[in-house]
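Engineer: Handing over data.txt, compact mmCIF, C-alpha atoms.
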```txt
# COMPACT_ATOMS: atom_id res chain seq x y z
CA MET A 1 109.25 77.19 101.14
CA GLY A 2 109.03 80.90 100.39
CA TYR A 3 110.17 83.41 97.81
CA LYS A 4 113.37 85.29 97.13
CA VAL A 5 112.20 88.91 96.87
CA VAL A 6 113.92 92.06 95.68
CA VAL A 7 112.71 95.58 96.55
CA ALA A 8 114.35 98.13 94.23
CA GLY A 9 114.09 101.76 95.31
CA ALA A 10 113.92 100.71 98.95
CA THR A 11 114.85 104.14 100.37
CA GLY A 12 111.93 106.03 98.75
CA ASN A 13 108.42 106.50 100.14
CA VAL A 14 106.94 103.65 98.08
CA GLY A 15 109.90 101.29 98.48
CA ARG A 16 109.81 101.62 102.28
CA GLU A 17 106.05 101.05 102.21
CA MET A 18 106.55 97.90 100.09
CA LEU A 19 108.88 96.51 102.76
CA ASN A 20 106.39 97.42 105.51
CA ILE A 21 103.48 95.75 103.73
CA LEU A 22 105.42 92.59 102.83
CA ALA A 23 106.13 92.23 106.56
CA GLU A 24 102.61 93.21 107.72
CA ARG A 25 100.90 90.76 105.38
CA GLU A 26 103.45 88.04 106.23
CA PHE A 27 104.33 87.48 102.61
CA PRO A 28 106.22 84.14 102.47
CA VAL A 29 109.78 85.43 102.12
CA ASP A 30 112.78 83.11 102.26
CA GLU A 31 115.24 85.83 101.42
CA ILE A 32 114.84 89.56 100.80
CA VAL A 33 117.19 92.23 99.52
CA ALA A 34 116.80 96.02 99.46
CA LEU A 35 118.33 97.78 96.47
CA ALA A 36 118.98 101.47 95.88
CA SER A 37 121.20 103.73 93.81
CA ARG A 38 124.89 103.91 94.62
CA LYS A 39 124.49 107.13 96.61
CA SER A 40 122.18 105.27 99.05
CA LEU A 41 124.49 102.26 99.39
CA GLY A 42 124.47 100.99 102.97
CA THR A 43 121.39 103.01 103.97
CA GLU A 44 119.37 100.99 106.49
CA VAL A 45 115.68 100.22 105.94
CA SER A 46 113.24 98.22 108.06
CA PHE A 47 111.60 94.92 107.16
CA GLY A 48 109.43 93.86 110.09
CA ASP A 49 111.77 93.54 113.06
CA LYS A 50 114.82 93.21 110.79
CA THR A 51 117.09 95.90 109.41
CA LEU A 52 118.34 95.63 105.84
CA LYS A 53 121.32 97.47 104.39
CA CYS A 54 120.73 98.66 100.86
CA LYS A 55 122.79 97.08 98.11
CA ASP A 56 123.76 98.60 94.78
CA LEU A 57 121.06 98.21 92.13
CA ASP A 58 123.61 98.79 89.38
CA THR A 59 125.72 95.71 90.18
CA PHE A 60 123.01 93.38 91.51
CA ASP A 61 122.57 89.98 89.84
CA PHE A 62 118.87 89.04 89.65
CA THR A 63 119.60 85.42 88.71
CA GLY A 64 117.84 83.02 91.08
CA TRP A 65 115.48 85.64 92.52
CA ASP A 66 111.71 85.10 92.14
CA ILE A 67 110.03 88.51 92.33
CA ALA A 68 111.32 92.08 92.10
CA LEU A 69 109.18 94.99 93.27
CA PHE A 70 110.36 98.13 91.45
CA ALA A 71 109.84 101.67 92.80
CA ILE A 72 112.61 103.48 90.96
CA GLY A 73 110.92 105.63 88.30
CA SER A 74 110.67 105.10 84.55
CA ASP A 75 114.22 106.07 83.52
CA ALA A 76 115.90 103.58 85.83
CA THR A 77 113.23 100.95 85.19
CA LYS A 78 114.01 101.12 81.47
CA ILE A 79 117.56 99.96 82.30
CA TYR A 80 117.03 97.47 85.13
CA ALA A 81 113.62 95.83 84.50
CA PRO A 82 114.77 94.06 81.30
CA LYS A 83 117.90 92.88 83.18
CA ALA A 84 115.84 91.40 86.00
CA ALA A 85 113.22 89.91 83.67
CA GLY A 86 115.92 88.44 81.44
CA ALA A 87 117.48 86.76 84.47
CA GLY A 88 114.17 84.98 85.19
CA CYS A 89 112.99 87.31 87.98
CA ILE A 90 109.41 88.54 87.53
CA VAL A 91 109.24 92.34 87.80
CA ILE A 92 106.27 94.17 89.34
CA ASP A 93 106.86 97.74 88.26
CA ASN A 94 105.36 100.80 89.94
CA SER A 95 106.47 103.30 87.27
CA SER A 96 104.43 104.30 84.23
CA LEU A 97 106.93 102.78 81.77
CA TYR A 98 105.10 99.54 80.93
CA ARG A 99 101.50 100.40 81.80
CA TYR A 100 100.40 100.95 78.22
CA ASP A 101 102.48 98.15 76.69
CA PRO A 102 100.03 95.59 75.20
CA ASP A 103 102.45 92.78 76.15
CA VAL A 104 102.51 93.77 79.84
CA PRO A 105 99.46 93.17 82.05
CA LEU A 106 98.28 96.13 84.14
CA ILE A 107 96.82 94.60 87.28
CA VAL A 108 94.56 95.55 90.17
CA PRO A 109 93.90 92.16 91.81
CA GLU A 110 90.31 92.94 92.89
CA VAL A 111 89.47 93.97 89.33
CA ASN A 112 91.35 91.93 86.70
CA ALA A 113 93.23 89.11 88.43
CA HIS A 114 92.63 86.94 85.34
CA ALA A 115 95.11 89.09 83.37
CA ILE A 116 98.04 87.94 85.53
CA MET A 117 98.97 85.12 83.14
CA GLY A 118 100.01 87.72 80.57
CA TYR A 119 103.17 88.28 82.64
CA ALA A 120 104.94 85.54 80.66
CA LYS A 121 105.39 87.64 77.50
CA LYS A 122 107.98 89.93 79.10
CA ASN A 123 108.27 88.67 82.70
CA ILE A 124 106.95 92.09 83.74
CA ILE A 125 103.69 93.21 85.38
CA ALA A 126 102.69 96.87 85.66
CA ASN A 127 101.21 98.56 88.70
CA PRO A 128 98.68 101.29 87.81
CA ASN A 129 98.71 104.98 88.66
CA CYS A 130 97.67 105.67 92.26
CA SER A 131 94.52 107.61 91.32
CA THR A 132 93.39 104.89 88.88
CA ALA A 133 93.93 102.01 91.30
CA GLN A 134 91.47 103.15 93.95
CA MET A 135 88.89 104.27 91.39
CA VAL A 136 88.70 100.96 89.51
CA VAL A 137 88.35 99.05 92.82
CA ALA A 138 85.21 101.11 93.47
CA LEU A 139 83.92 100.89 89.89
CA LYS A 140 84.38 97.15 89.30
CA PRO A 141 81.47 95.74 91.37
CA LEU A 142 79.11 98.43 90.06
CA HIS A 143 80.22 97.74 86.48
CA ASP A 144 79.57 94.01 86.97
CA ARG A 145 76.01 94.75 88.08
CA ALA A 146 74.87 97.61 85.84
CA THR A 147 77.58 98.17 83.13
CA ILE A 148 79.21 101.59 83.46
CA LYS A 149 79.06 103.72 80.30
CA ARG A 150 80.72 106.93 81.46
CA VAL A 151 82.78 108.19 84.40
CA VAL A 152 83.47 111.82 85.34
CA VAL A 153 86.05 112.09 88.12
CA ALA A 154 87.68 114.97 89.96
CA THR A 155 90.65 113.99 92.10
CA TYR A 156 92.06 115.62 95.23
CA GLN A 157 95.58 114.18 95.29
CA SER A 158 98.00 114.42 98.20
CA VAL A 159 101.53 115.75 97.90
CA SER A 160 103.07 112.35 98.73
CA GLY A 161 102.16 111.44 95.15
CA ALA A 162 105.00 113.76 94.17
CA GLY A 163 107.45 112.00 96.50
CA LYS A 164 109.47 113.29 99.44
CA GLU A 165 110.14 116.63 97.73
CA GLY A 166 106.40 117.27 97.48
CA MET A 167 105.86 116.51 101.16
CA ASP A 168 108.82 118.68 102.17
CA GLU A 169 107.54 121.58 100.07
CA LEU A 170 104.10 121.51 101.72
CA TRP A 171 105.68 121.30 105.17
CA ASN A 172 108.19 124.09 104.58
CA GLN A 173 105.71 126.43 102.87
CA THR A 174 103.15 125.91 105.63
CA LYS A 175 105.71 126.82 108.29
CA ALA A 176 106.86 129.83 106.26
CA ILE A 177 103.36 131.30 106.14
CA TYR A 178 103.43 131.61 109.94
CA ASN A 179 106.94 133.04 109.92
CA PRO A 180 107.07 136.23 107.84
CA THR A 181 110.88 136.15 107.62
CA ASP A 182 110.78 132.87 105.69
CA ASN A 183 110.05 132.53 101.99
CA VAL A 184 109.64 129.13 100.33
CA PRO A 185 108.85 129.65 96.64
CA PRO A 186 107.39 126.79 94.58
CA SER A 187 109.98 124.27 93.44
CA LYS A 188 108.40 120.83 93.11
CA PHE A 189 105.00 122.30 92.23
CA SER A 190 104.11 125.01 89.71
CA LYS A 191 102.46 127.23 92.34
CA GLN A 192 102.28 127.48 96.11
CA ILE A 193 100.78 124.28 97.51
CA ALA A 194 100.29 125.37 101.14
CA PHE A 195 96.69 126.58 101.66
CA ASN A 196 96.06 126.20 97.93
CA VAL A 197 94.94 123.68 95.30
CA ILE A 198 96.65 123.20 91.95
CA PRO A 199 94.72 121.79 88.94
CA HIS A 200 97.88 120.46 87.36
CA ILE A 201 99.56 117.06 87.88
CA ASP A 202 102.25 115.89 85.42
CA VAL A 203 102.81 117.62 82.05
CA PHE A 204 100.21 119.21 79.77
CA LEU A 205 99.29 117.44 76.53
CA ASP A 206 98.14 118.99 73.24
CA SER A 207 94.55 118.02 74.09
CA GLY A 208 94.58 120.31 77.13
CA GLU A 209 94.58 117.32 79.49
CA THR A 210 97.45 116.73 81.84
CA LYS A 211 99.25 113.41 81.56
CA GLU A 212 97.81 112.36 84.95
CA GLU A 213 94.30 112.84 83.56
CA TRP A 214 95.20 110.92 80.41
CA LYS A 215 96.62 108.08 82.54
CA MET A 216 93.33 107.69 84.40
CA VAL A 217 91.46 107.38 81.12
CA ALA A 218 93.86 104.95 79.42
CA GLU A 219 94.40 102.77 82.50
CA THR A 220 90.72 102.47 83.39
CA LYS A 221 90.03 101.27 79.86
CA LYS A 222 92.89 98.73 79.98
CA ILE A 223 92.09 97.39 83.46
CA LEU A 224 88.30 97.49 83.53
CA ASP A 225 86.69 97.86 80.10
CA PRO A 226 87.85 99.56 76.87
CA LYS A 227 84.28 100.72 76.18
CA ILE A 228 84.01 102.93 79.27
CA LYS A 229 84.22 106.66 78.59
CA VAL A 230 86.25 108.53 81.21
CA THR A 231 87.02 112.19 81.76
CA ALA A 232 89.19 113.35 84.66
CA THR A 233 90.32 116.56 86.32
CA CYS A 234 93.31 115.91 88.57
CA VAL A 235 94.08 118.37 91.35
CA ARG A 236 96.94 118.52 93.86
CA VAL A 237 95.77 119.49 97.36
CA PRO A 238 97.65 120.37 100.59
CA VAL A 239 97.24 116.93 102.18
CA PHE A 240 100.31 114.85 103.05
CA VAL A 241 98.97 111.32 102.36
CA GLY A 242 95.69 110.02 100.93
CA HIS A 243 94.03 110.65 97.57
CA SER A 244 90.33 111.52 97.36
CA GLU A 245 88.04 111.34 94.33
CA ALA A 246 84.56 112.62 93.56
CA ILE A 247 83.25 110.10 91.03
CA ASN A 248 80.14 110.47 88.89
CA ILE A 249 78.98 107.32 87.10
CA GLU A 250 76.47 106.71 84.30
CA THR A 251 75.32 103.11 83.89
CA GLU A 252 73.43 101.24 81.18
CA GLU A 253 70.99 99.73 83.68
CA PHE A 254 69.35 101.61 86.53
CA LEU A 255 71.08 101.04 89.88
CA ASP A 256 69.44 102.29 93.04
CA TRP A 257 71.83 103.99 95.48
CA GLN A 258 70.84 101.60 98.28
CA GLU A 259 71.60 98.57 96.12
CA ALA A 260 74.87 100.23 95.13
CA GLN A 261 75.71 100.56 98.83
CA ASP A 262 74.92 96.86 99.37
CA ILE A 263 77.14 95.86 96.43
CA LEU A 264 80.03 98.03 97.62
CA ARG A 265 79.67 96.78 101.20
CA GLU A 266 80.35 93.21 100.03
CA ALA A 267 83.01 94.01 97.40
CA PRO A 268 86.65 92.96 97.92
CA GLY A 269 89.04 95.70 98.97
CA ILE A 270 86.29 98.21 99.78
CA MET A 271 85.17 99.61 103.12
CA LEU A 272 81.82 101.40 102.88
CA VAL A 273 81.46 104.20 105.45
CA ASP A 274 78.34 106.05 104.43
CA LYS A 275 76.05 107.59 107.02
CA ARG A 276 74.02 110.57 105.94
CA GLU A 277 75.04 112.67 108.90
CA SER A 278 77.86 114.93 110.02
CA GLY A 279 81.12 112.94 109.99
CA GLY A 280 79.50 109.87 108.39
CA TYR A 281 82.15 109.66 105.66
CA ILE A 282 85.90 109.08 105.37
CA THR A 283 88.50 111.78 104.78
CA PRO A 284 92.11 111.21 103.66
CA ILE A 285 93.63 111.68 107.10
CA GLU A 286 91.55 108.71 108.35
CA CYS A 287 92.70 106.31 105.64
CA VAL A 288 96.47 106.69 106.20
CA GLY A 289 98.10 103.34 106.93
CA GLU A 290 94.97 101.39 105.96
CA PHE A 291 94.68 98.72 103.25
CA ALA A 292 91.09 99.44 102.20
CA THR A 293 89.67 101.72 99.53
CA TYR A 294 86.96 103.70 101.34
CA VAL A 295 83.69 104.70 99.71
CA SER A 296 81.24 107.27 101.11
CA ARG A 297 78.50 109.66 99.91
CA VAL A 298 76.80 107.14 97.59
CA ARG A 299 73.79 108.88 96.07
CA GLN A 300 71.59 109.04 93.00
CA ASP A 301 72.40 111.58 90.30
CA SER A 302 68.98 112.75 89.18
CA THR A 303 70.34 114.80 86.25
CA ILE A 304 70.67 111.66 84.12
CA GLU A 305 68.56 108.52 83.77
CA ASN A 306 71.00 106.05 85.33
CA GLY A 307 73.42 108.04 87.44
CA LEU A 308 75.29 107.64 90.71
CA SER A 309 77.80 109.82 92.55
CA LEU A 310 80.23 108.71 95.24
CA TRP A 311 83.30 109.76 97.23
CA CYS A 312 86.36 107.48 97.22
CA VAL A 313 89.42 107.78 99.48
CA SER A 314 92.56 105.66 99.80
CA ASP A 315 96.14 105.78 101.08
CA ASN A 316 97.98 106.46 97.81
CA LEU A 317 101.25 105.02 99.11
CA ARG A 318 99.42 101.78 99.94
CA LYS A 319 96.57 100.81 97.58
CA GLY A 320 97.80 103.38 95.07
CA ALA A 321 101.29 101.88 94.98
CA ALA A 322 102.95 99.55 97.47
CA LEU A 323 99.93 97.52 98.63
CA ASN A 324 98.76 96.86 95.08
CA ALA A 325 102.28 95.71 94.13
CA VAL A 326 102.38 93.28 97.07
CA GLN A 327 98.87 92.04 96.23
CA ILE A 328 100.11 91.35 92.69
CA ALA A 329 103.03 89.40 94.20
CA GLU A 330 100.55 87.40 96.31
CA LEU A 331 98.44 86.71 93.22
CA LEU A 332 101.56 85.67 91.31
CA GLY A 333 102.40 83.26 94.11
CA GLN A 334 98.92 81.72 94.14
CA LYS A 335 98.44 81.45 90.38
CA VAL A 336 101.94 81.00 88.94
CA LEU A 337 104.88 80.35 91.26
CA LYS A 338 102.98 78.37 93.94
CA LYS A 339 105.75 78.23 96.53
CA GLY A 340 104.47 80.01 99.61
```
Show this structure as structure tokens.

Structural biologist:
Amino acid sequence: MGYKVVVAGATGNVGREMLNILAEREFPVDEIVALASRKSLGTEVSFGDKTLKCKDLDTFDFTGWDIALFAIGSDATKIYAPKAAGAGCIVIDNSSLYRYDPDVPLIVPEVNAHAIMGYAKKNIIANPNCSTAQMVVALKPLHDRATIKRVVVATYQSVSGAGKEGMDELWNQTKAIYNPTDNVPPSKFSKQIAFNVIPHIDVFLDSGETKEEWKMVAETKKILDPKIKVTATCVRVPVFVGHSEAINIETEEFLDWQEAQDILREAPGIMLVDKRESGGYITPIECVGEFATYVSRVRQDSTIENGLSLWCVSDNLRKGAALNAVQIAELLGQKVLKKG
């Protein structure tokens, strides 16, 4: 006996990836439906070896469905998540709408699986920001061993984090540079993204942070530990898929880099690839399509008493979004629904 599963936003990058991962991980599905906006009605999407035709999100009745994976953005989620939740369908939402709601658990299964039971307050579970998700997977086992006090992170985030328009803009601008008759001015991004880096993701706040940077701080505190101090600089880079992060960590107890490697090697969801030689690390192009969060370049930071630095890479459409949502669904099945 399996689950009746809804994927809302099935024609977008993350929605398609959700369908792929549900099939790849053989999630116990009895029935599945792909939903999209009216303009995408009838669009075909793949689920394993099956083809699904998208139905209209606006008229869909969620009654009798078990789990809905949402990848439709905050504005639409505000309308449809309460409808689904009110009909008894548990929503796993990929937008930022509910992440900071104290009555909605924000879950990364390798980090705070225990928080899943909080779903019952609103029948909604939030999926974290892509850059936060991979970072807390890497931080959790180190925090358990040595208690992290402070994190300084610089991100190198791929254009797929900005959706299809971001990927198209990088592609079209890159081609235009080699064809002098073409001109592709910035549209999705504030400046040229091809052969450039942009230290600006989401809107600017009064503090001088961008909202993306603020999200990393607030979400790390909610998921991992409210006492951790976090500062982030989030940068968009000309990479199609895969977010990278340079993470500097200060701990309460001393943690040797070799012990840190041993801890990370055994930690759930992490693949340690860390040889101190040319090519002995993972880059974003190598993590595309993979489930793991990769950690490399683990080393002591001698500028502080208890410091470590590391490099963290993950497929942002997978662990940063779709994979984490499916893992939450799996956790929900094991702990709450217990059908599959």

Engineer: Between A:Thr59, A:Thr77, A:Thr283, A:Thr11, which has the minimum distance to A:Val45 (counting only C-alpha atoms)?

Structural biologist: A:Thr11

Engineer: Counting all atoms listed in the file, find residues at most 7 Å from (90.9, 94.8, 99.2) (file frame) and give them as JSON, numbers by chain.

Structural biologist: {"A": [110, 268, 269, 270, 291, 292]}

Engineer: Name the closest residue to A:Lys83 among the candidates A:Asp61, A:Asp66, A:Glu31, A:Glu212; distances are taken between atoms, counting all atoms listed in the file.

Structural biologist: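 Of all the options, A:Asp61 lies closest to A:Lys83.
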
Engineer: What's the 10 Å shell around A:Val108, counting only C-alpha atoms, without same-chain residues fewer than 2 positions away, as an MDAnalysis selection string?

Structural biologist: chainID A and resid 105:106 110:113 115:116 126:128 132:134 136:137 223:224 319:320 324:325 327:328

Engineer: Please, what distance in Å, to one decimal, runs between atom CA of A:Gly12 and atom CA of A:Arg236?

Structural biologist: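 The value is 20.1 Å.
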
Engineer: Restricting the calculation to all atoms listed in the file, which member of A:Lys338, A:His243, A:Arg99, A:Lys122 is positioned closest to A:Met135?

Structural biologist: A:His243

Engineer: Skip A:Ile247 itself and residues of its chain fewer than 3 positions away, then list as number ranges by chain all residues within 10 Å of it, counting all atoms listed in the file.

Structural biologist: A: 135, 138-139, 151-155, 232, 244, 298, 308-312

Engineer: Hey, can you spit out that residue selection with C-alpha atoms as a PDB file, in the frame of the given file?

Structural biologist:
```pdb
ATOM      1  CA  MET A 135      88.890 104.270  91.390  1.00  0.00           C
ATOM      2  CA  ALA A 138      85.210 101.110  93.470  1.00  0.00           C
ATOM      3  CA  LEU A 139      83.920 100.890  89.890  1.00  0.00           C
ATOM      4  CA  VAL A 151      82.780 108.190  84.400  1.00  0.00           C
ATOM      5  CA  VAL A 152      83.470 111.820  85.340  1.00  0.00           C
ATOM      6  CA  VAL A 153      86.050 112.090  88.120  1.00  0.00           C
ATOM      7  CA  ALA A 154      87.680 114.970  89.960  1.00  0.00           C
ATOM      8  CA  THR A 155      90.650 113.990  92.100  1.00  0.00           C
ATOM      9  CA  ALA A 232      89.190 113.350  84.660  1.00  0.00           C
ATOM     10  CA  SER A 244      90.330 111.520  97.360  1.00  0.00           C
ATOM     11  CA  VAL A 298      76.800 107.140  97.590  1.00  0.00           C
ATOM     12  CA  LEU A 308      75.290 107.640  90.710  1.00  0.00           C
ATOM     13  CA  SER A 309      77.800 109.820  92.550  1.00  0.00           C
ATOM     14  CA  LEU A 310      80.230 108.710  95.240  1.00  0.00           C
ATOM     15  CA  TRP A 311      83.300 109.760  97.230  1.00  0.00           C
ATOM     16  CA  CYS A 312      86.360 107.480  97.220  1.00  0.00           C
TER      17      CYS A 312
END
```

Engineer: Around the point (109.6, 93.1, 106.0), in the coordinates given by the file, pick out the residues reaching within 9 Å, counting only C-alpha atoms, and return them as a PyMOL selection string.

Structural biologist: chain A and resi 18-24+26-27+29+32+46-51

Engineer: By how many Å are atom CA of A:Cys130 and atom CA of A:Ser187 apart?

Structural biologist: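 For atom CA of A:Cys130 relative to atom CA of A:Ser187, the distance reads 22.3 Å.
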
Engineer: Quick one: pull the distance between atom CA of A:Gln334 and atom CA of A:Ala321, Å, one decimal.

Structural biologist: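 One can read the atom CA of A:Gln334 to atom CA of A:Ala321 distance as 20.3 Å.
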
Engineer: Could you list, as a ChimeraX atom specification, every residue within 9 Å of stretch 170-177 of chain A, counting all atoms listed in the file and ignoring same-chain residues fewer than 4 positions away?

Structural biologist: /A:159,165-166,181-186,192-195,238-240

Engineer: Using all atoms listed in the file, which of the listed residues (A:Phe204, A:Trp214, A:Tyr119, A:Trp257) sits closest to A:Ser131?

Structural biologist: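 Of the candidates, the smallest distance to A:Ser131 is held by A:Trp214.
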
Engineer: I need the residue nearest A:Arg150 from this list: A:Val237, A:Asn179, A:Lys227, A:Asp262. Use only C-alpha atoms for the distance.

Structural biologist: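 Of A:Val237, A:Asn179, A:Lys227, A:Asp262, the one nearest A:Arg150, counting only C-alpha atoms, is A:Lys227.
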
Engineer: Rank nothing, just name the residue among A:Ala36, A:Val230, A:Ser296, A:Asp56 nearest to A:Glu277, using all atoms listed in the file.

Structural biologist: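 Residue with the minimum atom-to-atom distance to A:Glu277: A:Ser296.
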
Engineer: May I have the residues within 7 Å of A:Lys53 as a list in words, using only C-alpha atoms and disregarding those fewer than 2 positions away in the same chain?

Structural biologist: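 Final neighbour list, sorted by chain and number: Ala34, Gly42, Thr43, Glu44, Val45, Thr51 and Lys55 of chain A.
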
Engineer: Find the residues near A:Gly280: any atom within 10 Å, counting only C-alpha atoms, skip ones fewer than 4 places away on the same chain, and give them as a PyMOL selection string.

Structural biologist: chain A and resi 273-276+296-297
